[in-house]
Amino acid sequence: MSNKRPGDFRPETLAVAYGYDPQLGMGAAKPPIFMTSTFVYPSAQHAKYVHEAYFDGTGPLVGETNHIYSRLGHPGLDFLEARLAAIDGAEDAVAYCSGMAAHSSIALAYLRSGDSVLHGRPIYGGVDFLYNTMMPQFGTHPTAYLDGTDEDGVRAAAEEAMAKGPLKLIIAETPANPTAAIVDLDLMVRIADEVGAKQGHRPLVVVDNTLLGPFSQRPISHGVDLCMTSLTKYCGGHSDLLAGGISGRKELIDQLKLQRTTWGNHLDPYTSWLVLRSMESVAVRTERAMSNARGVAEFLRDHPKVAGVTYLGFLEPGTRGRAVYDKQCKAAGSTFSFHLHGGEAEAFRMLDQLQLMKVAVSLGGSETLICHSASTTHYAVPREQRLAGGITDGTIRLSVGLEHIDDLIADLAQALEAV
Ligand SMILES: Cc1ncc(COP(=O)(O)O)c(C=O)c1O
């Protein structure tokens with residue numbers, strides 16, 4: 001496969017082997033783990049050329065793969081980033097030690113004091129905190145849009161953002177954590193173009209593709225600038241590692257890679273290997289999880305103690321959300337929320353009664369994880385903003401795993417009796 005171009009294969013095929021050439025590993029069918037912090041140069045002059053190529057992009061070694069020190073890059077990252085870029089259909093990719101490391105690196109790379117950022121709500125609590133609490137300490141201004149399918153609403157929010165300062169980033173998390181609210185990626189690109197024409201500098205459109213993952217939604221094909229994925233979730237897939245990836249145009253990724261050298265938030269060799277290995281089975285794992293999720297969502301929708309289920313597969317034909325889903329998503333995913341009649345007390349009673357499902361944050365693992373959003377993942381988001389994003393005191397997020405569907409439904413059924 002190493003001689004072929006990524007475009008010759010479908011993403012599922014690229015996920016199995018792309019990015020690693022057995023010749024680099026003494027013929028090993030699977031990539032070795034290069035557990036080293038530093039790399040030896042054949043001569044002092046060669047060392048200088050390697051640094052020149054890395055930092056200035058000039059000299060006789062440009063275009064060659066040479067490593068310096070693992071914080072700057074290592075073979076495991078090369079394999080993983082090549083595979084991630086190929087699967088996402090992007091020119092290049094960069095991997096970090098967590099999804100939040102990827103998000104903060106984007107914020108630090110593209111925002112300066114006085115700049116504005118536009119983001120959706122709801123959005124993962126950590127990203128909400130990044131743009132509404134952390135980055136404002138460096139002088140940036142957040143603005144939120146509440147319905148990512150409402151063209152007039154998003155345009156009005158973009159105007160509001162521009163009034164605060166130059167709009168540099170448009171963040172779209174779709175489907176959004178925890179409610180699976182959908183954002184129209186074509187609309188985000190259109191708004192970025194309009195803003196660019198007005199302010200003379202086009203903001204970058206950044207999409208967080210964590211909840212559906214690279215096989216069910218392909219943001220780069222919609223013209224977005226950067227596609228971010230928490231590899232901790234479906235790509236890692238076993239709740240045993242933390243990692244984050246960003247794919248996009250080479251010039252943007254080059255800039256992020258160079259800055260990662262200084263932030264020091266690269267992905268280490270062992271975890272790079274683990275993610276590379278897990279990428280091989282993401283497509284089949286998510287297929288099974290998504291089929292389970294539909295069964296669980298249907299059970300919950302019909303349950304008298306449940307006030308509503310926000311699951312992409314239930315978007316009604318004829319609605320804006322459904323139109324966006326049809327053009328943008330290949331499948332409905334396996335992370336969604338349901339809202340209990342009642343509030344925190346009812347939710348806690350139900351969670352404490354579960355026998356099989358694990359009460360834990362995170363998603364995309366092989367096991368089913370369940371949590372009360374308001375008191376966990378979105379704890380740090382002020383209540384008023386949580387409610388505006390559709391997260392009530394009775395909202396429970398589910399990440400459906402690979403167990404037998406009958407066992408999952410039986411567990412929920414007996415726990416709901418406690419409500
Ligand atoms: C949508 C989304 N983006 C980003 C992150 C952050 O990823 P990580 O936990 O790998 O830092 C999360 C974590 O839950 C998430 O759900």
# chains A, B, ... in the order shown; residues from 1 in each chain; ligands from 1
$ residues_near_ligand --ligand "ligand 1" --cutoff "6 Å" --atoms "only C-alpha atoms and all ligand atoms" --output "list in words"
Ser98, Gly99, Met100, Tyr124, Asn177, Thr210, Leu211, Ser230, Thr232, Leu242, Ala243, Gly244 and Ser362 of chain A
$ write_last_selection --atoms "C-alpha atoms" --output "JSON list (two decimals), in the first residue's frame"
[["chain", "number", "residue", "atom", "x", "y", "z"],
["A", 98, "SER", "CA", -5.24, 14.72, 24.16],
["A", 99, "GLY", "CA", -8.18, 16.21, 22.34],
["A", 100, "MET", "CA", -8.01, 19.29, 24.56],
["A", 124, "TYR", "CA", -18.09, 19.82, 24.95],
["A", 177, "ASN", "CA", -21.78, 16.86, 23.05],
["A", 210, "THR", "CA", -15.28, 13.51, 17.73],
["A", 211, "LEU", "CA", -18.85, 12.29, 18.15],
["A", 230, "SER", "CA", -10.48, 13.48, 20.12],
["A", 232, "THR", "CA", -9.42, 9.25, 22.95],
["A", 242, "LEU", "CA", -5.84, 9.94, 25.59],
["A", 243, "ALA", "CA", -4.98, 11.49, 22.22],
["A", 244, "GLY", "CA", -6.13, 14.18, 19.79],
["A", 362, "SER", "CA", -15.97, 9.90, 28.11]]
$ residues_around --residues "region 137-144 of chain A" --least-positions-apart "4" --cutoff "9 Å" --atoms "only C-alpha atoms" --output "PyMOL selection string"
chain A and resi 111-121+131-133+154+157-158+160-161+164-165
$ select_by_dssp --residues "region 254-349 of chain A" --states "alpha helix (DSSP H)" --output "PyMOL selection string"
chain A and resi 254-263+269-279+282-301+320-328+344-349
$ write_last_selection --atoms "C-alpha atoms" --output "PDB file, in the first residue's frame"
ATOM      1  CA  ASP A 254       2.977  22.673   9.340  1.00  0.00           C
ATOM      2  CA  GLN A 255       2.350  25.720  11.519  1.00  0.00           C
ATOM      3  CA  LEU A 256       0.667  23.632  14.243  1.00  0.00           C
ATOM      4  CA  LYS A 257       3.480  21.049  14.165  1.00  0.00           C
ATOM      5  CA  LEU A 258       6.132  23.703  14.566  1.00  0.00           C
ATOM      6  CA  GLN A 259       4.272  25.200  17.535  1.00  0.00           C
ATOM      7  CA  ARG A 260       3.749  21.753  19.087  1.00  0.00           C
ATOM      8  CA  THR A 261       7.530  21.578  19.351  1.00  0.00           C
ATOM      9  CA  THR A 262       7.392  24.429  21.849  1.00  0.00           C
ATOM     10  CA  TRP A 263       4.104  23.637  23.637  1.00  0.00           C
ATOM     11  CA  PRO A 269       5.505   6.760  20.833  1.00  0.00           C
ATOM     12  CA  TYR A 270       3.560   4.123  22.748  1.00  0.00           C
ATOM     13  CA  THR A 271       0.215   5.913  22.606  1.00  0.00           C
ATOM     14  CA  SER A 272       0.765   6.729  18.919  1.00  0.00           C
ATOM     15  CA  TRP A 273       1.178   2.997  18.326  1.00  0.00           C
ATOM     16  CA  LEU A 274      -1.955   2.183  20.330  1.00  0.00           C
ATOM     17  CA  VAL A 275      -4.054   4.654  18.345  1.00  0.00           C
ATOM     18  CA  LEU A 276      -2.619   3.454  15.025  1.00  0.00           C
ATOM     19  CA  ARG A 277      -3.563  -0.087  15.998  1.00  0.00           C
ATOM     20  CA  SER A 278      -7.068   0.879  17.089  1.00  0.00           C
ATOM     21  CA  MET A 279      -7.680   2.819  13.861  1.00  0.00           C
ATOM     22  CA  VAL A 282     -12.862   1.816  14.140  1.00  0.00           C
ATOM     23  CA  ALA A 283     -15.178   1.220  11.197  1.00  0.00           C
ATOM     24  CA  VAL A 284     -16.410  -2.190  12.406  1.00  0.00           C
ATOM     25  CA  ARG A 285     -16.565  -1.170  16.052  1.00  0.00           C
ATOM     26  CA  THR A 286     -18.657   1.907  15.322  1.00  0.00           C
ATOM     27  CA  GLU A 287     -20.978  -0.080  13.056  1.00  0.00           C
ATOM     28  CA  ARG A 288     -21.844  -2.424  15.929  1.00  0.00           C
ATOM     29  CA  ALA A 289     -22.089   0.408  18.474  1.00  0.00           C
ATOM     30  CA  MET A 290     -24.390   2.367  16.167  1.00  0.00           C
ATOM     31  CA  SER A 291     -26.712  -0.565  15.645  1.00  0.00           C
ATOM     32  CA  ASN A 292     -26.902  -1.034  19.439  1.00  0.00           C
ATOM     33  CA  ALA A 293     -27.487   2.706  19.881  1.00  0.00           C
ATOM     34  CA  ARG A 294     -30.527   2.655  17.610  1.00  0.00           C
ATOM     35  CA  GLY A 295     -32.053  -0.163  19.663  1.00  0.00           C
ATOM     36  CA  VAL A 296     -31.365   1.640  22.939  1.00  0.00           C
ATOM     37  CA  ALA A 297     -32.695   4.962  21.587  1.00  0.00           C
ATOM     38  CA  GLU A 298     -35.912   3.290  20.396  1.00  0.00           C
ATOM     39  CA  PHE A 299     -36.392   1.649  23.792  1.00  0.00           C
ATOM     40  CA  LEU A 300     -35.898   4.979  25.590  1.00  0.00           C
ATOM     41  CA  ARG A 301     -38.173   6.920  23.215  1.00  0.00           C
ATOM     42  CA  ARG A 320     -33.641  21.650   8.806  1.00  0.00           C
ATOM     43  CA  GLY A 321     -31.720  19.284  11.055  1.00  0.00           C
ATOM     44  CA  ARG A 322     -32.734  16.275   8.976  1.00  0.00           C
ATOM     45  CA  ALA A 323     -31.740  18.006   5.730  1.00  0.00           C
ATOM     46  CA  VAL A 324     -28.278  18.702   7.169  1.00  0.00           C
ATOM     47  CA  TYR A 325     -28.015  15.146   8.473  1.00  0.00           C
ATOM     48  CA  ASP A 326     -28.886  13.720   5.039  1.00  0.00           C
ATOM     49  CA  LYS A 327     -26.178  15.697   3.235  1.00  0.00           C
ATOM     50  CA  GLN A 328     -23.480  15.516   5.894  1.00  0.00           C
ATOM     51  CA  GLU A 344     -31.048  15.596  39.281  1.00  0.00           C
ATOM     52  CA  ALA A 345     -32.582  13.407  42.018  1.00  0.00           C
ATOM     53  CA  GLU A 346     -34.372  11.179  39.496  1.00  0.00           C
ATOM     54  CA  ALA A 347     -31.276  11.017  37.298  1.00  0.00           C
ATOM     55  CA  PHE A 348     -29.013  10.049  40.189  1.00  0.00           C
ATOM     56  CA  ARG A 349     -31.466   7.355  41.362  1.00  0.00           C
TER      57      ARG A 349
END
$ residues_around --residues "Ile253 (chain A)" --least-positions-apart "2" --cutoff "9 Å" --atoms "only C-alpha atoms" --output "JSON, numbers by chain"
{"A": [91, 92, 93, 94, 226, 246, 247, 248, 249, 250, 251, 255, 256, 257, 258]}
$ write_last_selection --atoms "C-alpha atoms" --output "CSV table (one decimal), in the first residue's frame"
chain,number,residue,atom,x,y,z
A,91,GLU,CA,-3.2,16.9,3.0
A,92,ASP,CA,-1.7,16.4,6.5
A,93,ALA,CA,-2.5,15.8,10.1
A,94,VAL,CA,-0.9,16.5,13.5
A,226,LEU,CA,-9.3,22.0,10.2
A,246,ILE,CA,-6.2,17.7,13.6
A,247,SER,CA,-6.2,17.3,9.9
A,248,GLY,CA,-6.2,20.0,7.2
A,249,ARG,CA,-4.2,21.8,4.6
A,250,LYS,CA,-0.4,21.3,4.8
A,251,GLU,CA,0.4,25.0,5.4
A,255,GLN,CA,2.4,25.7,11.5
A,256,LEU,CA,0.7,23.6,14.2
A,257,LYS,CA,3.5,21.0,14.2
A,258,LEU,CA,6.1,23.7,14.6
$ residues_around --residues "Gly342 (chain A)" --least-positions-apart "3" --cutoff "10 Å" --atoms "only C-alpha atoms" --output "count of residues only"
12
$ residues_around --residues "His378 (chain A)" --least-positions-apart "6" --cutoff "9 Å" --atoms "only C-alpha atoms" --output "compact mmCIF listing (two decimals) with C-alpha atoms, in the first residue's frame"
# COMPACT_ATOMS: atom_id res chain seq x y z
CA ILE A 123 -20.35 22.09 22.89
CA TYR A 124 -18.09 19.82 24.95
CA GLY A 125 -17.68 21.43 28.41
CA GLY A 126 -13.88 21.59 28.12
CA ASP A 128 -16.74 25.81 26.27
CA PRO A 178 -24.02 15.91 24.81
CA HIS A 372 -25.41 13.06 34.12
CA ARG A 386 -26.32 24.83 29.89
CA ILE A 391 -28.90 20.42 28.87
$ atom_distance --atom1 "CA of Ile33 (chain A)" --atom2 "CA of Leu80 (chain A)"
11.8 Å
$ select_by_dssp --residues "region 122-230 of chain A" --states "strand (DSSP E or B)" --output "list in words"
His141, Pro142, Thr143, Ala144, Tyr145, Leu167, Lys168, Leu169, Ile170, Ile171, Ala172, Glu173, Leu204, Val205, Val206, Val207, Asp208, Gln217, Leu226, Cys227, Met228, Thr229 and Ser230 of chain A
$ atom_distance --atom1 "CA of Arg5 (chain A)" --atom2 "CA of Ala86 (chain A)"
8.9 Å
$ atom_distance --atom1 "CA of Glu417 (chain A)" --atom2 "CA of Val309 (chain A)"
17.8 Å
$ residues_around --residues "Ala388 (chain A)" --least-positions-apart "3" --cutoff "9 Å" --atoms "only C-alpha atoms" --output "PyMOL selection string"
chain A and resi 121-122+146+383-385+391
$ write_last_selection --atoms "C-alpha atoms" --output "short mmCIF file (atom, residue, chain, number, x, y, z; two decimals), in the first residue's frame"
data_model
loop_
_atom_site.label_atom_id
_atom_site.label_comp_id
_atom_site.auth_asym_id
_atom_site.auth_seq_id
_atom_site.Cartn_x
_atom_site.Cartn_y
_atom_site.Cartn_z
CA ARG A 121 -23.66 25.74 22.15
CA PRO A 122 -23.94 23.08 23.41
CA LEU A 146 -27.48 28.26 19.51
CA ARG A 383 -26.52 26.68 34.45
CA GLU A 384 -28.17 29.35 32.28
CA GLN A 385 -25.82 28.55 29.40
CA ILE A 391 -28.90 20.42 28.87
#
$ residues_around --residues "Ser281 (chain A)" --least-positions-apart "6" --cutoff "9 Å" --atoms "only C-alpha atoms" --output "MDAnalysis selection string"
chainID A and resid 12 15:16 235 237
$ closest_residue --among "A:Ser239, A:Val195, A:Ser221, A:Tyr20" --to "Lys358 (chain A)" --atoms "only C-alpha atoms"
A:Ser239
$ closest_residue --among "A:Met350, A:Arg10, A:Ile170, A:Leu185" --to "Thr149 (chain A)" --atoms "only C-alpha atoms"
A:Leu185
$ closest_residue --among "A:Ser337, A:Lys168, A:Leu61, A:Asp352" --to "Ala109 (chain A)" --atoms "only C-alpha atoms"
A:Lys168
$ decode --residues "region 114-164 of chain A" --atoms "N, CA and C atoms" --output "mmCIF file, in the first residue's frame"
data_model
loop_
_atom_site.group_PDB
_atom_site.id
_atom_site.type_symbol
_atom_site.label_atom_id
_atom_site.label_comp_id
_atom_site.auth_asym_id
_atom_site.auth_seq_id
_atom_site.Cartn_x
_atom_site.Cartn_y
_atom_site.Cartn_z
ATOM 1 N N GLY A 114 -7.748 40.555 21.642
ATOM 2 C CA GLY A 114 -8.671 41.417 20.884
ATOM 3 C C GLY A 114 -9.474 40.649 19.852
ATOM 4 N N ASP A 115 -9.043 39.436 19.488
ATOM 5 C CA ASP A 115 -9.752 38.651 18.462
ATOM 6 C C ASP A 115 -11.033 38.036 19.016
ATOM 7 N N SER A 116 -11.918 37.693 18.081
ATOM 8 C CA SER A 116 -13.186 37.054 18.420
ATOM 9 C C SER A 116 -13.196 35.612 17.967
ATOM 10 N N VAL A 117 -13.986 34.803 18.683
ATOM 11 C CA VAL A 117 -14.205 33.416 18.263
ATOM 12 C C VAL A 117 -15.699 33.133 18.354
ATOM 13 N N LEU A 118 -16.209 32.445 17.340
ATOM 14 C CA LEU A 118 -17.629 32.096 17.295
ATOM 15 C C LEU A 118 -17.733 30.586 17.468
ATOM 16 N N HIS A 119 -18.581 30.153 18.401
ATOM 17 C CA HIS A 119 -18.724 28.703 18.613
ATOM 18 C C HIS A 119 -20.178 28.357 18.880
ATOM 19 N N GLY A 120 -20.515 27.094 18.696
ATOM 20 C CA GLY A 120 -21.876 26.647 18.963
ATOM 21 C C GLY A 120 -22.088 26.374 20.442
ATOM 22 N N ARG A 121 -23.359 26.196 20.804
ATOM 23 C CA ARG A 121 -23.665 25.736 22.152
ATOM 24 C C ARG A 121 -24.913 24.881 22.046
ATOM 25 N N PRO A 122 -24.965 23.642 22.553
ATOM 26 C CA PRO A 122 -23.941 23.083 23.413
ATOM 27 C C PRO A 122 -22.698 22.692 22.627
ATOM 28 N N ILE A 123 -21.656 22.497 23.395
ATOM 29 C CA ILE A 123 -20.352 22.091 22.888
ATOM 30 C C ILE A 123 -19.705 21.381 24.089
ATOM 31 N N TYR A 124 -18.738 20.526 23.837
ATOM 32 C CA TYR A 124 -18.087 19.824 24.951
ATOM 33 C C TYR A 124 -17.668 20.837 26.037
ATOM 34 N N GLY A 125 -17.924 20.505 27.309
ATOM 35 C CA GLY A 125 -17.680 21.435 28.414
ATOM 36 C C GLY A 125 -16.253 21.976 28.448
ATOM 37 N N GLY A 126 -15.283 21.155 28.102
ATOM 38 C CA GLY A 126 -13.882 21.589 28.119
ATOM 39 C C GLY A 126 -13.610 22.658 27.073
ATOM 40 N N VAL A 127 -14.251 22.529 25.927
ATOM 41 C CA VAL A 127 -14.049 23.520 24.853
ATOM 42 C C VAL A 127 -14.797 24.800 25.202
ATOM 43 N N ASP A 128 -15.985 24.649 25.797
ATOM 44 C CA ASP A 128 -16.743 25.809 26.269
ATOM 45 C C ASP A 128 -15.874 26.591 27.265
ATOM 46 N N PHE A 129 -15.244 25.870 28.200
ATOM 47 C CA PHE A 129 -14.402 26.494 29.224
ATOM 48 C C PHE A 129 -13.182 27.175 28.580
ATOM 49 N N LEU A 130 -12.599 26.494 27.579
ATOM 50 C CA LEU A 130 -11.428 27.061 26.886
ATOM 51 C C LEU A 130 -11.752 28.445 26.313
ATOM 52 N N TYR A 131 -12.900 28.528 25.596
ATOM 53 C CA TYR A 131 -13.198 29.783 24.901
ATOM 54 C C TYR A 131 -13.920 30.812 25.752
ATOM 55 N N ASN A 132 -14.566 30.369 26.846
ATOM 56 C CA ASN A 132 -15.323 31.328 27.659
ATOM 57 C C ASN A 132 -14.647 31.697 28.967
ATOM 58 N N THR A 133 -13.660 30.923 29.394
ATOM 59 C CA THR A 133 -12.978 31.239 30.655
ATOM 60 C C THR A 133 -11.463 31.404 30.464
ATOM 61 N N MET A 134 -10.829 30.432 29.786
ATOM 62 C CA MET A 134 -9.364 30.485 29.669
ATOM 63 C C MET A 134 -8.909 31.548 28.668
ATOM 64 N N MET A 135 -9.382 31.453 27.423
ATOM 65 C CA MET A 135 -8.879 32.360 26.395
ATOM 66 C C MET A 135 -9.219 33.832 26.669
ATOM 67 N N PRO A 136 -10.391 34.145 27.275
ATOM 68 C CA PRO A 136 -10.647 35.553 27.607
ATOM 69 C C PRO A 136 -9.572 36.136 28.538
ATOM 70 N N GLN A 137 -8.876 35.282 29.308
ATOM 71 C CA GLN A 137 -7.782 35.792 30.145
ATOM 72 C C GLN A 137 -6.621 36.298 29.294
ATOM 73 N N PHE A 138 -6.605 35.866 28.024
ATOM 74 C CA PHE A 138 -5.580 36.364 27.081
ATOM 75 C C PHE A 138 -6.180 37.440 26.169
ATOM 76 N N GLY A 139 -7.413 37.890 26.482
ATOM 77 C CA GLY A 139 -7.996 39.022 25.755
ATOM 78 C C GLY A 139 -8.867 38.663 24.573
ATOM 79 N N THR A 140 -9.290 37.391 24.418
ATOM 80 C CA THR A 140 -10.145 37.048 23.277
ATOM 81 C C THR A 140 -11.616 37.069 23.693
ATOM 82 N N HIS A 141 -12.505 37.207 22.690
ATOM 83 C CA HIS A 141 -13.934 37.397 22.966
ATOM 84 C C HIS A 141 -14.755 36.265 22.356
ATOM 85 N N PRO A 142 -15.507 35.525 23.190
ATOM 86 C CA PRO A 142 -16.354 34.456 22.650
ATOM 87 C C PRO A 142 -17.756 34.944 22.308
ATOM 88 N N THR A 143 -18.360 34.328 21.294
ATOM 89 C CA THR A 143 -19.779 34.533 20.983
ATOM 90 C C THR A 143 -20.336 33.161 20.620
ATOM 91 N N ALA A 144 -21.547 32.865 21.103
ATOM 92 C CA ALA A 144 -22.127 31.546 20.816
ATOM 93 C C ALA A 144 -23.335 31.663 19.891
ATOM 94 N N TYR A 145 -23.471 30.681 18.989
ATOM 95 C CA TYR A 145 -24.724 30.523 18.235
ATOM 96 C C TYR A 145 -25.419 29.290 18.802
ATOM 97 N N LEU A 146 -26.752 29.327 18.823
ATOM 98 C CA LEU A 146 -27.477 28.260 19.513
ATOM 99 C C LEU A 146 -28.079 27.218 18.573
ATOM 100 N N ASP A 147 -28.215 27.560 17.297
ATOM 101 C CA ASP A 147 -28.755 26.577 16.349
ATOM 102 C C ASP A 147 -27.875 26.634 15.102
ATOM 103 N N GLY A 148 -27.063 25.619 14.930
ATOM 104 C CA GLY A 148 -26.093 25.588 13.827
ATOM 105 C C GLY A 148 -26.697 25.241 12.481
ATOM 106 N N THR A 149 -28.035 25.218 12.415
ATOM 107 C CA THR A 149 -28.685 25.012 11.108
ATOM 108 C C THR A 149 -29.470 26.260 10.705
ATOM 109 N N ASP A 150 -29.469 27.264 11.581
ATOM 110 C CA ASP A 150 -30.276 28.471 11.344
ATOM 111 C C ASP A 150 -29.383 29.555 10.733
ATOM 112 N N GLU A 151 -29.492 29.718 9.417
ATOM 113 C CA GLU A 151 -28.585 30.619 8.697
ATOM 114 C C GLU A 151 -28.645 32.046 9.252
ATOM 115 N N ASP A 152 -29.866 32.565 9.462
ATOM 116 C CA ASP A 152 -29.976 33.953 9.940
ATOM 117 C C ASP A 152 -29.390 34.085 11.341
ATOM 118 N N GLY A 153 -29.662 33.070 12.184
ATOM 119 C CA GLY A 153 -29.167 33.112 13.558
ATOM 120 C C GLY A 153 -27.640 33.076 13.600
ATOM 121 N N VAL A 154 -27.037 32.220 12.778
ATOM 122 C CA VAL A 154 -25.563 32.115 12.783
ATOM 123 C C VAL A 154 -24.960 33.413 12.218
ATOM 124 N N ARG A 155 -25.619 33.959 11.183
ATOM 125 C CA ARG A 155 -25.097 35.209 10.594
ATOM 126 C C ARG A 155 -25.153 36.333 11.630
ATOM 127 N N ALA A 156 -26.270 36.393 12.370
ATOM 128 C CA ALA A 156 -26.410 37.441 13.394
ATOM 129 C C ALA A 156 -25.335 37.261 14.470
ATOM 130 N N ALA A 157 -25.077 35.998 14.857
ATOM 131 C CA ALA A 157 -24.044 35.741 15.880
ATOM 132 C C ALA A 157 -22.666 36.138 15.342
ATOM 133 N N ALA A 158 -22.432 35.909 14.039
ATOM 134 C CA ALA A 158 -21.136 36.286 13.439
ATOM 135 C C ALA A 158 -20.979 37.809 13.451
ATOM 136 N N GLU A 159 -22.081 38.539 13.187
ATOM 137 C CA GLU A 159 -22.034 40.021 13.234
ATOM 138 C C GLU A 159 -21.694 40.471 14.653
ATOM 139 N N GLU A 160 -22.359 39.818 15.627
ATOM 140 C CA GLU A 160 -22.118 40.162 17.037
ATOM 141 C C GLU A 160 -20.643 39.916 17.385
ATOM 142 N N ALA A 161 -20.109 38.807 16.892
ATOM 143 C CA ALA A 161 -18.702 38.483 17.171
ATOM 144 C C ALA A 161 -17.781 39.523 16.536
ATOM 145 N N MET A 162 -18.079 39.898 15.282
ATOM 146 C CA MET A 162 -17.214 40.874 14.580
ATOM 147 C C MET A 162 -17.231 42.234 15.276
ATOM 148 N N ALA A 163 -18.377 42.540 15.914
ATOM 149 C CA ALA A 163 -18.465 43.827 16.620
ATOM 150 C C ALA A 163 -17.526 43.852 17.827
ATOM 151 N N LYS A 164 -17.171 42.658 18.337
ATOM 152 C CA LYS A 164 -16.282 42.597 19.514
ATOM 153 C C LYS A 164 -14.805 42.639 19.118
#
